Amino acid sequence: MAESSPNAARRGPLPSGRHHLSREQVVASQRIRMLTATADAMRDKGYAGTAVAEIIRRAGVSRETFYQQFRSKEDCFIQALDAATERLAGLLEVAWQPAPGSSEEALPVAPEETFRRLLRLYLRTLGEQSAFARLFLVEVYAAGPEAMARRMAWQRRFADAIAEIFGAGSGADERRFDCEALVAAAAQLVTARLVADDLTGLLALEDPLVRLAVRLLG
């Protein structure tokens, strides 16, 4: 989830000696490694227990390199949060669109099925990228008001997407509230499974959350 571009910046340490990478590629590689190290370290130690020294040790970069790209641990956390959620939002947006030439282009798809498809991808992606998922769902509470404001903004975006799927426009106050309640409930249920490292339970949320969405919005 942290890769903001498909042009893979190297995840591992750069080779010693001469290499053919541009300055931009080197910086991008260092950034990816530091964001990934932040997620991994905070999964293991929590936000409060993770020092900058731990991030740079895991990333294999110098302290100078860290502060060339980030103002502080909080700034690094927020950028990791933004990269992860942008990546997830991009995946969900692509999944929402019917494949060219598919029957979905000609036939309407029930809102329930659209929601199920997006929810399945969301849950699977969180399971595959659990360290970054924990940033958004768990460690954000310890990272300060700016990080929490980012989380709330993303939750509103997800609620907007659900409202569009089920035709619950902004003018329908009660239905809009139902969309926000669904997002909040899903976040709480997902968080509990992530904290317990229960991947099976995480994926098993698909059916009950689809049923809840239909009861609230169908």
# chains A, B, ... in the order shown; residues from 1 in each chain; ligands from 1
call {"tool": "residues_around", "arguments": {"residues": "Leu137 of chain A", "least_positions_apart": "2", "cutoff": "12 Å", "atoms": "only C-alpha atoms", "output": "number ranges by chain"}}
result
A: 39, 43, 81, 84-85, 126, 130-135, 139-143, 147-148, 150-152, 154-155, 184, 186-195
call {"tool": "select_by_dssp", "arguments": {"residues": "segment 1-215 of chain A", "states": "helix (DSSP H, G or I)", "output": "ChimeraX atom specification"}}
result
/A:23-49,52-59,63-69,73-96,103-105,111-128,130-137,139-142,145-166,173-195,199-203,206-215
call {"tool": "closest_residue", "arguments": {"among": "A:Asp207, A:Asp198, A:Glu128, A:Glu180", "to": "Arg156 of chain A", "atoms": "only C-alpha atoms"}}
result
A:Glu180
call {"tool": "residues_around", "arguments": {"residues": "Thr125 of chain A", "least_positions_apart": "2", "cutoff": "12 Å", "atoms": "only C-alpha atoms", "output": "list in words"}}
result
Met1, Ala2, Ala84, Thr85, Arg87, Leu88, Ala89, Gly90, Leu91, Leu92, Leu118, Leu119, Arg120, Leu121, Tyr122, Leu123, Gly127, Glu128, Gln129, Ser130, Ala131, Phe132, Ala133, Val190, Leu199, Leu202 and Leu203 of chain A
call {"tool": "closest_atom_pairs", "arguments": {"of": "segment 49-85 of chain A", "to": "segment 20-29 of chain A", "cutoff": "10 Å", "atoms": "only C-alpha atoms", "output": "tab-separated table"}}
result
residue	atom	partner	partner_atom	distance
A:Ala59	CA	A:Ser29	CA	10.0
A:Thr65	CA	A:Val27	CA	8.9
A:Gln68	CA	A:Val27	CA	9.7
A:Gln69	CA	A:Val27	CA	8.7
call {"tool": "closest_residue", "arguments": {"among": "A:Glu54, A:Lys45, A:Val61, A:Val183", "to": "Arg33 of chain A", "atoms": "only C-alpha atoms"}}
result
A:Val61
call {"tool": "residues_around", "arguments": {"residues": "segment 208-212 of chain A", "least_positions_apart": "5", "cutoff": "8 Å", "atoms": "only C-alpha atoms", "output": "list in words"}}
result
Glu112, Phe115, Arg116, Leu182 and Ala186 of chain A
call {"tool": "closest_residue", "arguments": {"among": "A:Ala153, A:Leu217, A:Glu93, A:Thr200", "to": "Ala168 of chain A", "atoms": "only C-alpha atoms"}}
result
A:Leu217
call {"tool": "closest_residue", "arguments": {"among": "A:Ala149, A:Ala163, A:Met34, A:Val109", "to": "Ser62 of chain A", "atoms": "only C-alpha atoms"}}
result
A:Met34
